[in-house]
Structure formats: C-alpha cells, structure tokens
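Q: start.txt is reproduced in full below (compact mmCIF, N, CA, C and O atoms).
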```
# COMPACT_ATOMS: atom_id res chain seq x y z
N MET A 47 4.36 -76.77 35.67
CA MET A 47 3.08 -77.46 35.64
C MET A 47 2.03 -76.72 36.45
O MET A 47 0.90 -76.65 36.07
N ALA A 48 2.43 -76.15 37.57
CA ALA A 48 1.48 -75.45 38.41
C ALA A 48 0.91 -74.22 37.71
O ALA A 48 -0.24 -73.88 37.89
N THR A 49 1.70 -73.57 36.87
CA THR A 49 1.20 -72.38 36.18
C THR A 49 0.13 -72.76 35.16
O THR A 49 -0.83 -72.01 34.99
N LYS A 50 0.26 -73.89 34.50
CA LYS A 50 -0.77 -74.33 33.55
C LYS A 50 -2.08 -74.58 34.29
O LYS A 50 -3.14 -74.19 33.83
N GLU A 51 -1.99 -75.24 35.42
CA GLU A 51 -3.20 -75.53 36.21
C GLU A 51 -3.84 -74.23 36.69
O GLU A 51 -5.04 -74.07 36.65
N LYS A 52 -3.02 -73.30 37.13
CA LYS A 52 -3.52 -72.02 37.61
C LYS A 52 -4.22 -71.26 36.48
O LYS A 52 -5.29 -70.71 36.66
N LYS A 53 -3.62 -71.25 35.30
CA LYS A 53 -4.22 -70.57 34.14
C LYS A 53 -5.54 -71.23 33.77
O LYS A 53 -6.51 -70.56 33.46
N ARG A 54 -5.57 -72.54 33.78
CA ARG A 54 -6.78 -73.27 33.43
C ARG A 54 -7.92 -72.93 34.39
O ARG A 54 -9.04 -72.66 33.98
N LYS A 55 -7.64 -72.90 35.68
CA LYS A 55 -8.66 -72.57 36.66
C LYS A 55 -9.13 -71.13 36.50
O LYS A 55 -10.31 -70.85 36.56
N ALA A 56 -8.21 -70.22 36.29
CA ALA A 56 -8.57 -68.81 36.16
C ALA A 56 -9.45 -68.58 34.94
O ALA A 56 -10.44 -67.86 35.00
N SER A 57 -9.13 -69.20 33.81
CA SER A 57 -9.93 -68.98 32.61
C SER A 57 -11.31 -69.62 32.76
O SER A 57 -12.29 -69.08 32.29
N ARG A 58 -11.38 -70.74 33.42
CA ARG A 58 -12.66 -71.40 33.61
C ARG A 58 -13.60 -70.54 34.46
O ARG A 58 -14.76 -70.40 34.15
N VAL A 59 -13.09 -69.92 35.48
CA VAL A 59 -13.89 -69.06 36.33
C VAL A 59 -14.32 -67.82 35.56
O VAL A 59 -15.46 -67.40 35.61
N ALA A 60 -13.40 -67.23 34.81
CA ALA A 60 -13.70 -65.99 34.09
C ALA A 60 -14.80 -66.22 33.05
O ALA A 60 -15.67 -65.39 32.89
N LYS A 61 -14.75 -67.33 32.33
CA LYS A 61 -15.77 -67.60 31.32
C LYS A 61 -17.14 -67.80 31.94
O LYS A 61 -18.12 -67.24 31.50
N GLY A 62 -17.23 -68.59 32.97
CA GLY A 62 -18.51 -68.90 33.57
C GLY A 62 -19.03 -67.83 34.51
O GLY A 62 -20.22 -67.70 34.71
N GLN A 63 -18.13 -67.05 35.06
CA GLN A 63 -18.55 -66.08 36.06
C GLN A 63 -19.50 -65.04 35.48
O GLN A 63 -20.49 -64.69 36.11
N LYS A 64 -19.24 -64.56 34.28
CA LYS A 64 -20.11 -63.55 33.69
C LYS A 64 -21.52 -64.10 33.53
O LYS A 64 -22.50 -63.43 33.85
N LEU A 65 -21.64 -65.32 33.04
CA LEU A 65 -22.96 -65.93 32.87
C LEU A 65 -23.64 -66.16 34.21
O LEU A 65 -24.84 -65.94 34.34
N GLU A 66 -22.88 -66.59 35.20
CA GLU A 66 -23.45 -66.82 36.52
C GLU A 66 -23.92 -65.52 37.15
O GLU A 66 -24.99 -65.48 37.76
N VAL A 67 -23.14 -64.46 36.99
CA VAL A 67 -23.53 -63.15 37.53
C VAL A 67 -24.82 -62.70 36.85
O VAL A 67 -25.77 -62.27 37.53
N GLU A 68 -24.88 -62.80 35.53
CA GLU A 68 -26.08 -62.39 34.81
C GLU A 68 -27.29 -63.21 35.25
O GLU A 68 -28.37 -62.66 35.47
N HIS A 69 -27.11 -64.50 35.39
CA HIS A 69 -28.22 -65.38 35.79
C HIS A 69 -28.70 -65.03 37.19
O HIS A 69 -29.91 -64.91 37.43
N LEU A 70 -27.77 -64.82 38.11
CA LEU A 70 -28.15 -64.50 39.48
C LEU A 70 -28.84 -63.14 39.56
O LEU A 70 -29.81 -62.99 40.30
N THR A 71 -28.39 -62.18 38.79
CA THR A 71 -29.05 -60.87 38.81
C THR A 71 -30.48 -60.98 38.28
O THR A 71 -31.37 -60.30 38.77
N GLU A 72 -30.69 -61.84 37.30
CA GLU A 72 -32.03 -62.01 36.73
C GLU A 72 -32.98 -62.74 37.68
O GLU A 72 -34.11 -62.31 37.88
N ILE A 73 -32.52 -63.83 38.26
CA ILE A 73 -33.43 -64.63 39.09
C ILE A 73 -33.63 -64.06 40.48
O ILE A 73 -34.66 -64.29 41.10
N ALA A 74 -32.63 -63.30 40.98
CA ALA A 74 -32.71 -62.85 42.37
C ALA A 74 -32.90 -61.35 42.51
O ALA A 74 -33.04 -60.85 43.61
N ASP A 75 -32.88 -60.64 41.39
CA ASP A 75 -33.08 -59.19 41.41
C ASP A 75 -32.09 -58.49 42.33
O ASP A 75 -32.46 -57.71 43.20
N VAL A 76 -30.81 -58.82 42.16
CA VAL A 76 -29.72 -58.16 42.88
C VAL A 76 -28.83 -57.47 41.85
O VAL A 76 -28.91 -57.74 40.66
N THR A 77 -27.97 -56.58 42.33
CA THR A 77 -27.06 -55.89 41.43
C THR A 77 -25.93 -56.83 41.01
O THR A 77 -25.64 -57.81 41.72
N PRO A 78 -25.27 -56.54 39.89
CA PRO A 78 -24.13 -57.37 39.51
C PRO A 78 -23.03 -57.40 40.57
O PRO A 78 -22.42 -58.44 40.79
N LYS A 79 -22.82 -56.28 41.25
CA LYS A 79 -21.81 -56.24 42.31
C LYS A 79 -22.18 -57.19 43.45
O LYS A 79 -21.35 -57.94 43.96
N GLN A 80 -23.46 -57.19 43.83
CA GLN A 80 -23.91 -58.10 44.88
C GLN A 80 -23.81 -59.55 44.42
O GLN A 80 -23.42 -60.43 45.19
N ALA A 81 -24.16 -59.79 43.16
CA ALA A 81 -24.10 -61.15 42.62
C ALA A 81 -22.67 -61.68 42.63
O ALA A 81 -22.43 -62.83 43.02
N ARG A 82 -21.71 -60.85 42.22
CA ARG A 82 -20.31 -61.29 42.24
C ARG A 82 -19.85 -61.60 43.65
O ARG A 82 -19.16 -62.59 43.89
N ALA A 83 -20.24 -60.77 44.61
CA ALA A 83 -19.85 -61.01 46.00
C ALA A 83 -20.44 -62.32 46.51
O ALA A 83 -19.75 -63.10 47.18
N LEU A 84 -21.68 -62.57 46.19
CA LEU A 84 -22.32 -63.83 46.62
C LEU A 84 -21.65 -65.03 45.97
O LEU A 84 -21.44 -66.06 46.63
N LEU A 85 -21.33 -64.93 44.69
CA LEU A 85 -20.68 -66.04 43.99
C LEU A 85 -19.29 -66.31 44.56
O LEU A 85 -18.88 -67.47 44.68
N ARG A 86 -18.56 -65.25 44.92
CA ARG A 86 -17.25 -65.46 45.53
C ARG A 86 -17.40 -66.16 46.88
O ARG A 86 -16.60 -67.02 47.23
N LYS A 87 -18.42 -65.78 47.61
CA LYS A 87 -18.61 -66.32 48.96
C LYS A 87 -19.13 -67.76 48.95
O LYS A 87 -18.68 -68.60 49.73
N HIS A 88 -20.09 -68.06 48.07
CA HIS A 88 -20.78 -69.35 48.11
C HIS A 88 -20.51 -70.26 46.92
O HIS A 88 -21.01 -71.39 46.91
N GLY A 89 -19.80 -69.79 45.93
CA GLY A 89 -19.52 -70.62 44.77
C GLY A 89 -20.78 -70.95 44.00
O GLY A 89 -21.63 -70.09 43.80
N ALA A 90 -20.93 -72.19 43.59
CA ALA A 90 -22.05 -72.60 42.76
C ALA A 90 -23.19 -73.23 43.56
O ALA A 90 -24.01 -73.95 43.01
N ASP A 91 -23.25 -72.96 44.83
CA ASP A 91 -24.34 -73.48 45.67
C ASP A 91 -25.56 -72.59 45.47
O ASP A 91 -25.80 -71.63 46.18
N TRP A 92 -26.37 -72.91 44.44
CA TRP A 92 -27.46 -72.04 44.02
C TRP A 92 -28.57 -71.93 45.06
O TRP A 92 -29.22 -70.90 45.17
N THR A 93 -28.76 -72.93 45.85
CA THR A 93 -29.74 -72.83 46.93
C THR A 93 -29.32 -71.76 47.92
O THR A 93 -30.11 -70.89 48.30
N LYS A 94 -28.07 -71.81 48.33
CA LYS A 94 -27.54 -70.82 49.26
C LYS A 94 -27.51 -69.44 48.62
O LYS A 94 -27.83 -68.44 49.26
N LEU A 95 -27.15 -69.37 47.34
CA LEU A 95 -27.11 -68.08 46.64
C LEU A 95 -28.49 -67.42 46.62
O LEU A 95 -28.61 -66.23 46.90
N ARG A 96 -29.52 -68.20 46.32
CA ARG A 96 -30.88 -67.65 46.28
C ARG A 96 -31.32 -67.18 47.67
O ARG A 96 -31.92 -66.11 47.81
N ASP A 97 -31.01 -67.97 48.68
CA ASP A 97 -31.37 -67.59 50.05
C ASP A 97 -30.68 -66.29 50.46
O ASP A 97 -31.31 -65.40 51.02
N GLU A 98 -29.39 -66.20 50.18
CA GLU A 98 -28.64 -64.99 50.53
C GLU A 98 -29.13 -63.78 49.74
O GLU A 98 -29.22 -62.68 50.27
N ALA A 99 -29.46 -63.99 48.47
CA ALA A 99 -29.96 -62.90 47.64
C ALA A 99 -31.31 -62.39 48.18
O ALA A 99 -31.56 -61.19 48.20
N GLU A 100 -32.15 -63.30 48.62
CA GLU A 100 -33.42 -62.90 49.23
C GLU A 100 -33.20 -62.07 50.48
O GLU A 100 -33.88 -61.09 50.72
N ASP A 101 -32.20 -62.47 51.28
CA ASP A 101 -31.87 -61.71 52.48
C ASP A 101 -31.39 -60.30 52.13
O ASP A 101 -31.70 -59.34 52.82
N LEU A 102 -30.64 -60.18 51.04
CA LEU A 102 -30.17 -58.86 50.60
C LEU A 102 -31.33 -57.97 50.19
O LEU A 102 -31.33 -56.76 50.46
N LYS A 103 -32.31 -58.53 49.54
CA LYS A 103 -33.46 -57.76 49.08
C LYS A 103 -34.29 -57.25 50.26
O LYS A 103 -34.88 -56.18 50.19
N GLU A 104 -34.34 -58.01 51.33
CA GLU A 104 -35.13 -57.62 52.51
C GLU A 104 -34.52 -56.45 53.26
O GLU A 104 -35.23 -55.71 53.90
N ASP A 105 -33.19 -56.29 53.17
CA ASP A 105 -32.51 -55.20 53.90
C ASP A 105 -32.79 -53.86 53.31
O ASP A 105 -33.11 -53.51 52.32
```
Now, as a test, write the supplied structure out as structure tokens.

A:
Amino acid sequence: MATKEKKRKASRVAKGQKLEVEHLTEIADVTPKQARALLRKHGADWTKLRDEAEDLKED
C-alpha cells in the first residue's frame, strides 16, 4: 500500500512541477534551475516564492 501512495505523490509532483517551474520563471524572471530550487524549498507558497525570487534578482 505504501508503494501506491509513494507513486501517486511522485507522479503528482512531476506533472505539476514543470508547469510551476515555467510559471515561476515567467513571473519572476529567474532561471529554471533557480525556480526548481525555490519550489523544492518553499513548495506552493507563491508569496514566499515571489519574495525569494526578487531577492535572487537583486544579487
């Protein structure tokens, strides 16, 4: 049973992650690599993602 749950979670992240990375790169003007790192760190907290992306652009 645990393997089914694990597969379900993995596929859900994989499907949405590409769209989230693309969206974050468009709205925040960051690289896809930076967007993936931010998404791993903050999940779907878009307020925090935008703030962190702005900080990246300033550096």

Q: Which residues are near A:Trp92? Cut-off 12 Å, only C-alpha atoms, ignore same chain within fewer than 3 positions. Put them as a list in words.

A: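 Residues meeting the cut-off are Glu66, Val67, His69, Leu70, Ile73, Ala74, Ala81, Leu84, Leu85, Lys87, His88, Gly89, Leu95, Arg96, Asp97, Glu98 and Ala99 of chain A.
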
Q: So the first atom is atom O of A:Glu104 and the second is atom N of A:Gln63; what is the distance between them in Å, to one decimal place?

A: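 These two atoms are separated by 27.9 Å.
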
Q: Record the distance separating atom N of A:Thr77 and atom C of A:Leu65, expressed in Å with one decimal.

A: 13.3 Å
